[in-house]
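Trainee: My structure file entry.pdb, PDB, C-alpha atoms, is below:
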ATOM      1  CA  ARG A 255      89.313  98.839 100.628  1.00  0.00           C
ATOM      2  CA  TYR A 256      90.897 101.992 102.053  1.00  0.00           C
ATOM      3  CA  GLU A 257      93.876 102.066  99.713  1.00  0.00           C
ATOM      4  CA  ALA A 258      91.907 100.843  96.690  1.00  0.00           C
ATOM      5  CA  HIS A 259      88.814 103.026  97.089  1.00  0.00           C
ATOM      6  CA  ASP A 260      88.516 105.371 100.044  1.00  0.00           C
ATOM      7  CA  HIS A 261      91.868 107.130  99.743  1.00  0.00           C
ATOM      8  CA  PRO A 262      91.799 107.788  95.971  1.00  0.00           C
ATOM      9  CA  GLU A 263      88.123 108.774  96.022  1.00  0.00           C
ATOM     10  CA  PHE A 264      88.682 111.119  98.967  1.00  0.00           C
ATOM     11  CA  GLU A 265      91.672 112.698  97.247  1.00  0.00           C
ATOM     12  CA  SER A 266      89.794 113.079  93.954  1.00  0.00           C
ATOM     13  CA  ASN A 267      86.807 114.715  95.631  1.00  0.00           C
ATOM     14  CA  LEU A 268      89.027 116.981  97.695  1.00  0.00           C
ATOM     15  CA  LYS A 269      90.774 118.208  94.522  1.00  0.00           C
ATOM     16  CA  ARG A 270      87.407 118.761  92.828  1.00  0.00           C
ATOM     17  CA  HIS A 271      85.861 120.713  95.706  1.00  0.00           C
ATOM     18  CA  CYS A 272      88.995 122.416  96.981  1.00  0.00           C
ATOM     19  CA  PRO A 273      91.654 122.586  94.258  1.00  0.00           C
ATOM     20  CA  ASP A 274      94.005 124.642  96.441  1.00  0.00           C
ATOM     21  CA  CYS A 275      93.849 122.221  99.382  1.00  0.00           C
ATOM     22  CA  GLU A 276      96.807 119.986 100.134  1.00  0.00           C
ATOM     23  CA  LEU A 277      96.183 116.461 101.404  1.00  0.00           C
ATOM     24  CA  ILE A 278      98.558 114.987 103.967  1.00  0.00           C
ATOM     25  CA  TYR A 279      97.739 111.281 103.994  1.00  0.00           C
ATOM     26  CA  SER A 280      98.975 108.602 106.377  1.00  0.00           C
ATOM     27  CA  ASN A 281      98.063 104.965 106.853  1.00  0.00           C
ATOM     28  CA  ALA A 282      98.759 103.566 110.331  1.00  0.00           C
ATOM     29  CA  ASP A 283      98.509  99.919 109.221  1.00  0.00           C
ATOM     30  CA  GLN A 284      96.243  99.087 112.182  1.00  0.00           C
ATOM     31  CA  ASP A 285      98.803 100.387 114.692  1.00  0.00           C
ATOM     32  CA  ALA A 286      97.310 102.828 117.235  1.00  0.00           C
ATOM     33  CA  ALA A 287     100.717 104.091 118.409  1.00  0.00           C
ATOM     34  CA  LYS A 288     101.765 104.755 114.824  1.00  0.00           C
ATOM     35  CA  GLN A 289      98.482 106.605 114.236  1.00  0.00           C
ATOM     36  CA  GLN A 290      99.144 108.757 117.312  1.00  0.00           C
ATOM     37  CA  SER A 291     102.548 109.739 115.904  1.00  0.00           C
ATOM     38  CA  GLN A 292     101.044 110.470 112.493  1.00  0.00           C
ATOM     39  CA  VAL A 293      98.363 112.717 114.008  1.00  0.00           C
ATOM     40  CA  GLU A 294     100.944 114.562 116.104  1.00  0.00           C
ATOM     41  CA  ALA A 295     103.114 115.096 113.003  1.00  0.00           C
ATOM     42  CA  ALA A 296     100.151 116.358 110.966  1.00  0.00           C
ATOM     43  CA  LEU A 297      99.170 118.779 113.725  1.00  0.00           C
ATOM     44  CA  THR A 298     102.775 120.003 113.902  1.00  0.00           C
ATOM     45  CA  GLU A 299     102.652 120.635 110.138  1.00  0.00           C
ATOM     46  CA  GLY A 300      99.688 122.934 110.748  1.00  0.00           C
ATOM     47  CA  ILE A 301      96.765 121.051 109.239  1.00  0.00           C
ATOM     48  CA  ASP A 302      93.406 122.819 109.014  1.00  0.00           C
ATOM     49  CA  VAL A 303      91.175 119.736 109.373  1.00  0.00           C
ATOM     50  CA  LEU A 304      91.833 116.207 110.669  1.00  0.00           C
ATOM     51  CA  VAL A 305      89.942 113.324 109.055  1.00  0.00           C
ATOM     52  CA  LEU A 306      90.542 110.387 111.356  1.00  0.00           C
ATOM     53  CA  ASP A 307      89.652 106.753 110.687  1.00  0.00           C
ATOM     54  CA  SER A 308      90.641 105.509 114.096  1.00  0.00           C
ATOM     55  CA  VAL A 309      92.512 102.264 114.582  1.00  0.00           C
ATOM     56  CA  ASP A 310      91.383 102.221 118.208  1.00  0.00           C
ATOM     57  CA  ALA A 311      88.434 104.468 119.080  1.00  0.00           C
ATOM     58  CA  THR A 312      89.527 104.750 122.718  1.00  0.00           C
ATOM     59  CA  ALA A 313      93.096 105.759 121.839  1.00  0.00           C
ATOM     60  CA  ALA A 314      91.752 108.126 119.186  1.00  0.00           C
ATOM     61  CA  ALA A 315      89.993 110.218 121.849  1.00  0.00           C
ATOM     62  CA  ALA A 316      93.404 111.528 122.926  1.00  0.00           C
ATOM     63  CA  MET A 317      94.184 112.425 119.305  1.00  0.00           C
ATOM     64  CA  VAL A 318      90.901 114.303 119.021  1.00  0.00           C
ATOM     65  CA  ASN A 319      91.696 116.172 122.226  1.00  0.00           C
ATOM     66  CA  LEU A 320      95.091 117.217 120.790  1.00  0.00           C
ATOM     67  CA  ALA A 321      93.403 118.541 117.659  1.00  0.00           C
ATOM     68  CA  GLU A 322      90.767 120.308 119.723  1.00  0.00           C
ATOM     69  CA  GLN A 323      93.479 122.060 121.761  1.00  0.00           C
ATOM     70  CA  GLN A 324      94.826 123.460 118.481  1.00  0.00           C
ATOM     71  CA  ASP A 325      91.345 124.440 117.199  1.00  0.00           C
ATOM     72  CA  VAL A 326      91.567 121.849 114.402  1.00  0.00           C
ATOM     73  CA  PRO A 327      88.153 120.403 113.513  1.00  0.00           C
ATOM     74  CA  VAL A 328      87.948 116.596 113.485  1.00  0.00           C
ATOM     75  CA  ILE A 329      85.934 114.393 111.157  1.00  0.00           C
ATOM     76  CA  SER A 330      85.520 110.890 112.540  1.00  0.00           C
ATOM     77  CA  TYR A 331      85.587 108.732 109.414  1.00  0.00           C
ATOM     78  CA  ASP A 332      84.143 105.214 109.212  1.00  0.00           C
ATOM     79  CA  ARG A 333      84.468 104.543 112.968  1.00  0.00           C
ATOM     80  CA  LEU A 334      82.784 106.776 115.490  1.00  0.00           C
ATOM     81  CA  ILE A 335      85.172 107.996 118.164  1.00  0.00           C
ATOM     82  CA  LEU A 336      82.956 107.621 121.210  1.00  0.00           C
ATOM     83  CA  ASP A 337      85.087 108.878 124.084  1.00  0.00           C
ATOM     84  CA  SER A 338      85.566 112.438 122.910  1.00  0.00           C
ATOM     85  CA  ALA A 339      83.296 115.438 122.730  1.00  0.00           C
ATOM     86  CA  GLY A 340      85.705 117.073 120.276  1.00  0.00           C
ATOM     87  CA  VAL A 341      84.495 115.270 117.147  1.00  0.00           C
ATOM     88  CA  ASP A 342      82.903 117.833 114.836  1.00  0.00           C
ATOM     89  CA  TYR A 343      81.513 115.471 112.188  1.00  0.00           C
ATOM     90  CA  TYR A 344      80.989 111.754 111.686  1.00  0.00           C
ATOM     91  CA  VAL A 345      80.934 110.155 108.230  1.00  0.00           C
ATOM     92  CA  SER A 346      80.293 106.449 107.768  1.00  0.00           C
ATOM     93  CA  PHE A 347      78.209 103.758 106.219  1.00  0.00           C
ATOM     94  CA  ASP A 348      74.963 102.715 107.849  1.00  0.00           C
ATOM     95  CA  SER A 349      76.684  99.951 109.804  1.00  0.00           C
ATOM     96  CA  VAL A 350      73.439  98.451 111.144  1.00  0.00           C
ATOM     97  CA  LYS A 351      72.253  98.120 107.545  1.00  0.00           C
ATOM     98  CA  VAL A 352      75.581  96.540 106.553  1.00  0.00           C
ATOM     99  CA  GLY A 353      75.104  93.927 109.309  1.00  0.00           C
ATOM    100  CA  GLU A 354      71.519  93.326 108.176  1.00  0.00           C
ATOM    101  CA  GLN A 355      72.666  92.783 104.595  1.00  0.00           C
ATOM    102  CA  GLN A 356      75.395  90.400 105.724  1.00  0.00           C
ATOM    103  CA  GLY A 357      72.895  88.426 107.824  1.00  0.00           C
ATOM    104  CA  GLU A 358      70.281  88.394 105.054  1.00  0.00           C
ATOM    105  CA  ALA A 359      72.822  87.150 102.502  1.00  0.00           C
ATOM    106  CA  LEU A 360      73.924  84.323 104.786  1.00  0.00           C
ATOM    107  CA  ALA A 361      70.324  83.391 105.644  1.00  0.00           C
ATOM    108  CA  LYS A 362      69.441  83.283 101.941  1.00  0.00           C
ATOM    109  CA  LYS A 363      72.419  81.038 101.162  1.00  0.00           C
ATOM    110  CA  LEU A 364      71.596  78.726 104.075  1.00  0.00           C
ATOM    111  CA  GLU A 365      68.048  78.387 102.757  1.00  0.00           C
ATOM    112  CA  GLN A 366      69.319  77.631  99.233  1.00  0.00           C
ATOM    113  CA  GLU A 367      71.596  74.935 100.667  1.00  0.00           C
ATOM    114  CA  GLY A 368      68.732  73.309 102.604  1.00  0.00           C
ATOM    115  CA  SER A 369      69.884  74.443 106.065  1.00  0.00           C
ATOM    116  CA  ALA A 370      67.619  77.449 106.625  1.00  0.00           C
ATOM    117  CA  GLN A 371      67.963  77.317 110.399  1.00  0.00           C
ATOM    118  CA  GLY A 372      71.701  76.709 110.416  1.00  0.00           C
ATOM    119  CA  PRO A 373      73.168  76.513 112.943  1.00  0.00           C
ATOM    120  CA  ILE A 374      76.042  78.888 112.263  1.00  0.00           C
ATOM    121  CA  VAL A 375      79.222  80.111 113.875  1.00  0.00           C
ATOM    122  CA  LYS A 376      79.142  83.883 114.349  1.00  0.00           C
ATOM    123  CA  ILE A 377      82.453  85.762 114.470  1.00  0.00           C
ATOM    124  CA  ASN A 378      81.888  89.416 115.294  1.00  0.00           C
ATOM    125  CA  GLY A 379      84.361  92.271 115.244  1.00  0.00           C
ATOM    126  CA  ASP A 380      86.158  93.983 118.090  1.00  0.00           C
ATOM    127  CA  PRO A 381      83.684  94.957 120.820  1.00  0.00           C
ATOM    128  CA  LYS A 382      85.701  98.168 121.397  1.00  0.00           C
ATOM    129  CA  ASP A 383      84.794  99.271 117.850  1.00  0.00           C
ATOM    130  CA  ASN A 384      81.382 100.894 117.476  1.00  0.00           C
ATOM    131  CA  ASN A 385      81.098  99.502 113.929  1.00  0.00           C
ATOM    132  CA  ALA A 386      81.364  95.966 115.291  1.00  0.00           C
ATOM    133  CA  THR A 387      78.541  96.660 117.731  1.00  0.00           C
ATOM    134  CA  LEU A 388      76.380  98.020 114.913  1.00  0.00           C
ATOM    135  CA  PHE A 389      77.208  95.157 112.499  1.00  0.00           C
ATOM    136  CA  ASP A 390      76.301  92.736 115.288  1.00  0.00           C
ATOM    137  CA  GLU A 391      73.009  94.521 115.931  1.00  0.00           C
ATOM    138  CA  GLY A 392      72.035  94.392 112.264  1.00  0.00           C
ATOM    139  CA  SER A 393      73.148  90.809 111.667  1.00  0.00           C
ATOM    140  CA  ASP A 394      71.408  89.591 114.839  1.00  0.00           C
ATOM    141  CA  ALA A 395      68.159  91.151 113.618  1.00  0.00           C
ATOM    142  CA  ALA A 396      68.407  89.629 110.133  1.00  0.00           C
ATOM    143  CA  LEU A 397      69.504  86.194 111.324  1.00  0.00           C
ATOM    144  CA  GLY A 398      66.857  86.216 114.056  1.00  0.00           C
ATOM    145  CA  ASP A 399      64.125  87.196 111.587  1.00  0.00           C
ATOM    146  CA  ALA A 400      65.197  84.286 109.358  1.00  0.00           C
ATOM    147  CA  GLY A 401      65.205  81.837 112.286  1.00  0.00           C
ATOM    148  CA  VAL A 402      68.910  81.062 111.989  1.00  0.00           C
ATOM    149  CA  GLU A 403      70.350  79.440 115.113  1.00  0.00           C
ATOM    150  CA  ILE A 404      73.811  80.349 116.386  1.00  0.00           C
ATOM    151  CA  ALA A 405      75.889  77.418 117.626  1.00  0.00           C
ATOM    152  CA  GLU A 406      78.892  79.473 118.769  1.00  0.00           C
ATOM    153  CA  GLU A 407      79.570  83.218 118.838  1.00  0.00           C
ATOM    154  CA  TYR A 408      82.774  85.194 119.381  1.00  0.00           C
ATOM    155  CA  ASP A 409      83.906  88.818 119.545  1.00  0.00           C
ATOM    156  CA  THR A 410      87.248  89.225 117.797  1.00  0.00           C
ATOM    157  CA  PRO A 411      89.770  91.444 119.622  1.00  0.00           C
ATOM    158  CA  ASP A 412      91.325  94.063 117.334  1.00  0.00           C
ATOM    159  CA  TRP A 413      89.589  92.511 114.265  1.00  0.00           C
ATOM    160  CA  LEU A 414      92.776  90.475 113.816  1.00  0.00           C
ATOM    161  CA  ALA A 415      92.650  87.551 111.404  1.00  0.00           C
ATOM    162  CA  GLU A 416      94.707  85.361 113.739  1.00  0.00           C
ATOM    163  CA  ASN A 417      92.171  85.960 116.532  1.00  0.00           C
ATOM    164  CA  ALA A 418      89.293  85.052 114.214  1.00  0.00           C
ATOM    165  CA  GLN A 419      91.191  81.940 113.104  1.00  0.00           C
ATOM    166  CA  ARG A 420      91.644  80.864 116.731  1.00  0.00           C
ATOM    167  CA  GLU A 421      87.932  81.485 117.413  1.00  0.00           C
ATOM    168  CA  MET A 422      86.944  79.393 114.397  1.00  0.00           C
ATOM    169  CA  GLU A 423      89.175  76.573 115.600  1.00  0.00           C
ATOM    170  CA  GLN A 424      87.501  76.806 119.027  1.00  0.00           C
ATOM    171  CA  ALA A 425      84.080  76.614 117.366  1.00  0.00           C
ATOM    172  CA  ILE A 426      85.045  73.530 115.380  1.00  0.00           C
ATOM    173  CA  THR A 427      86.333  71.929 118.574  1.00  0.00           C
ATOM    174  CA  ALA A 428      83.087  72.817 120.375  1.00  0.00           C
ATOM    175  CA  VAL A 429      80.549  71.741 117.735  1.00  0.00           C
ATOM    176  CA  GLY A 430      82.558  69.493 115.387  1.00  0.00           C
ATOM    177  CA  ASP A 431      83.345  69.789 111.696  1.00  0.00           C
ATOM    178  CA  ASP A 432      79.734  69.111 110.762  1.00  0.00           C
ATOM    179  CA  GLY A 433      78.077  70.940 113.675  1.00  0.00           C
ATOM    180  CA  PHE A 434      77.369  74.103 111.702  1.00  0.00           C
ATOM    181  CA  ALA A 435      76.021  74.995 108.281  1.00  0.00           C
ATOM    182  CA  GLY A 436      77.689  78.356 107.799  1.00  0.00           C
ATOM    183  CA  VAL A 437      79.846  81.101 109.250  1.00  0.00           C
ATOM    184  CA  TYR A 438      79.046  84.758 109.746  1.00  0.00           C
ATOM    185  CA  ALA A 439      82.288  86.758 109.833  1.00  0.00           C
ATOM    186  CA  ALA A 440      81.750  90.489 110.323  1.00  0.00           C
ATOM    187  CA  ASN A 441      85.050  91.285 108.654  1.00  0.00           C
ATOM    188  CA  ASP A 442      86.547  89.101 105.952  1.00  0.00           C
TER     189      ASP A 442
END
Go ahead and express the file in the form of structure tokens.
Mentor:
Amino acid sequence: RYEAHDHPEFESNLKRHCPDCELIYSNADQDAAKQQSQVEAALTEGIDVLVLDSVDATAAAAMVNLAEQQDVPVISYDRLILDSAGVDYYVSFDSVKVGEQQGEALAKKLEQEGSAQGPIVKINGDPKDNNATLFDEGSDAALGDAGVEIAEEYDTPDWLAENAQREMEQAITAVGDDGFAGVYAAND
């Protein structure tokens, strides 16, 4: 999503609203240490504003502090950086609403398939990520309102696919191949 939509749309809007602005763009590929180096390099280049979509919100607090020391405003993009007072703005989706929509869509499909109450396996995101907490809040509300039962539930460290795969295997071991009617996965 970021490379296909967010980055080009951000760049296009930046050019439209600030034609003389130069964009320095980096993608850390889900590597917090790499993101730290990228932020340090951008600050060394003399950036005026840092838009930071943190890989790890806890590690990002140190990056925000570095920017703050250089009087560089920080926009926390997509993931709220919780452990820093230096964030100037926060831009994101309504993550609770996203979770609600995910839960509603699954509940609707379960009903169509004749298994309105499930049960389901619920694979949440990384509990260190505020978005995961908000997706979970929204999906719990929607699934609860629909009366969907949860057979097994997991929080997926670092949102990594291999962790989610392991959790799904654990769920199948716990409830059997036919012990659930659907799967909620906060991140595909």
Trainee: Counting all atoms listed in the file, which residues have an atom no more than 12 Å from (69.1, 89.8, 117.5) in the file's coordinates? Please list them as number ranges by chain.
Mentor: A: 350, 353-354, 357, 387-404
Trainee: List the spatial neighbours of Glu421 in chain A as a list of chain:residue names - criterion: any atom at most 12 Å away, all atoms listed in the file, same-chain residues fewer than 3 positions off excluded.
Mentor: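 Final neighbour list, sorted by chain and number: A:Val375, A:Lys376, A:Ile377, A:Asn378, A:Gly379, A:Glu406, A:Glu407, A:Tyr408, A:Asp409, A:Thr410, A:Pro411, A:Trp413, A:Leu414, A:Ala415, A:Glu416, A:Asn417, A:Ala418, A:Gln424, A:Ala425, A:Ile426, A:Thr427, A:Ala428, A:Val437, A:Ala439.
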Trainee: Could you expand the PyMOL selection byres ((chain A and resi 300) around 12) into the explicit residues it covers here, written as a PDB file with C-alpha atoms, keeping the file's coordinate frame?
Mentor:
ATOM      1  CA  GLU A 276      96.807 119.986 100.134  1.00  0.00           C
ATOM      2  CA  LEU A 277      96.183 116.461 101.404  1.00  0.00           C
ATOM      3  CA  ILE A 278      98.558 114.987 103.967  1.00  0.00           C
ATOM      4  CA  VAL A 293      98.363 112.717 114.008  1.00  0.00           C
ATOM      5  CA  GLU A 294     100.944 114.562 116.104  1.00  0.00           C
ATOM      6  CA  ALA A 295     103.114 115.096 113.003  1.00  0.00           C
ATOM      7  CA  ALA A 296     100.151 116.358 110.966  1.00  0.00           C
ATOM      8  CA  LEU A 297      99.170 118.779 113.725  1.00  0.00           C
ATOM      9  CA  THR A 298     102.775 120.003 113.902  1.00  0.00           C
ATOM     10  CA  GLU A 299     102.652 120.635 110.138  1.00  0.00           C
ATOM     11  CA  ILE A 301      96.765 121.051 109.239  1.00  0.00           C
ATOM     12  CA  ASP A 302      93.406 122.819 109.014  1.00  0.00           C
ATOM     13  CA  VAL A 303      91.175 119.736 109.373  1.00  0.00           C
ATOM     14  CA  LEU A 304      91.833 116.207 110.669  1.00  0.00           C
ATOM     15  CA  ALA A 321      93.403 118.541 117.659  1.00  0.00           C
ATOM     16  CA  GLN A 324      94.826 123.460 118.481  1.00  0.00           C
ATOM     17  CA  ASP A 325      91.345 124.440 117.199  1.00  0.00           C
ATOM     18  CA  VAL A 326      91.567 121.849 114.402  1.00  0.00           C
TER      19      VAL A 326
END
Trainee: What does the structure give for the distance between CA of Ala440 in chain A and CA of Ala386 in chain A, in Å to one decimal?
Mentor: 7.4 Å
Trainee: Taking into account all atoms listed in the file, which residue in the set A:Val309, A:Ala314, A:Gln290, A:Gly436 is nearest to Gly368 in chain A?
Mentor: A:Gly436
Trainee: Which residue out of A:Asp348, A:Asp412, A:Glu322, A:Asp260 has the minimum interatomic distance to Asp380 in chain A when all atoms listed in the file are used?
Mentor: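 Result for the nearest residue to Asp380 in chain A: A:Asp412.
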Trainee: Could the centre and edge lengths of an axis-aligned box, enclosing all atoms of range 269-282 of chain A in the file with 4 Å extra on each side, be given in Å to one decimal as JSON?
Mentor:
{"center_x": 92.4, "center_y": 114.1, "center_z": 101.6, "size_x": 21.1, "size_y": 29.1, "size_z": 25.5}
Trainee: Identify which of the residues A:Ile335, A:Leu360, A:Ala258, A:Ala405 lies closest to Asp310 in chain A, counting all atoms listed in the file when measuring atom-to-atom distances.
Mentor: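 Nearest candidate to Asp310 in chain A out of A:Ile335, A:Leu360, A:Ala258, A:Ala405: A:Ile335.
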Trainee: For each of A:Ser308, A:Gln355, A:Asn441, A:Asn384, take the minimum atom-to-atom distance to Ala287 in chain A, counting all atoms listed in the file, then give the residue where this is smallest.
Mentor: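 Looking only at the distances to Ala287 in chain A, the closest residue turns out to be A:Ser308.
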Trainee: Could you tell me how far CA of Lys351 in chain A lies from CA of Asp332 in chain A, in Å and to one decimal?
Mentor: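 CA of Lys351 in chain A sits 13.9 Å away from CA of Asp332 in chain A.
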Trainee: Report, in Å to a single decimal, how far apart CA of Val345 in chain A and CA of Gln323 in chain A are.
Mentor: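 Going from CA of Gln323 in chain A over to CA of Val345 in chain A covers 22.0 Å.
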Trainee: Quick one: residues within 8 Å of Val305 in chain A, all atoms listed in the file counted, chain neighbours fewer than 6 positions away excluded, as a PyMOL selection string?
Mentor: chain A and resi 328-331
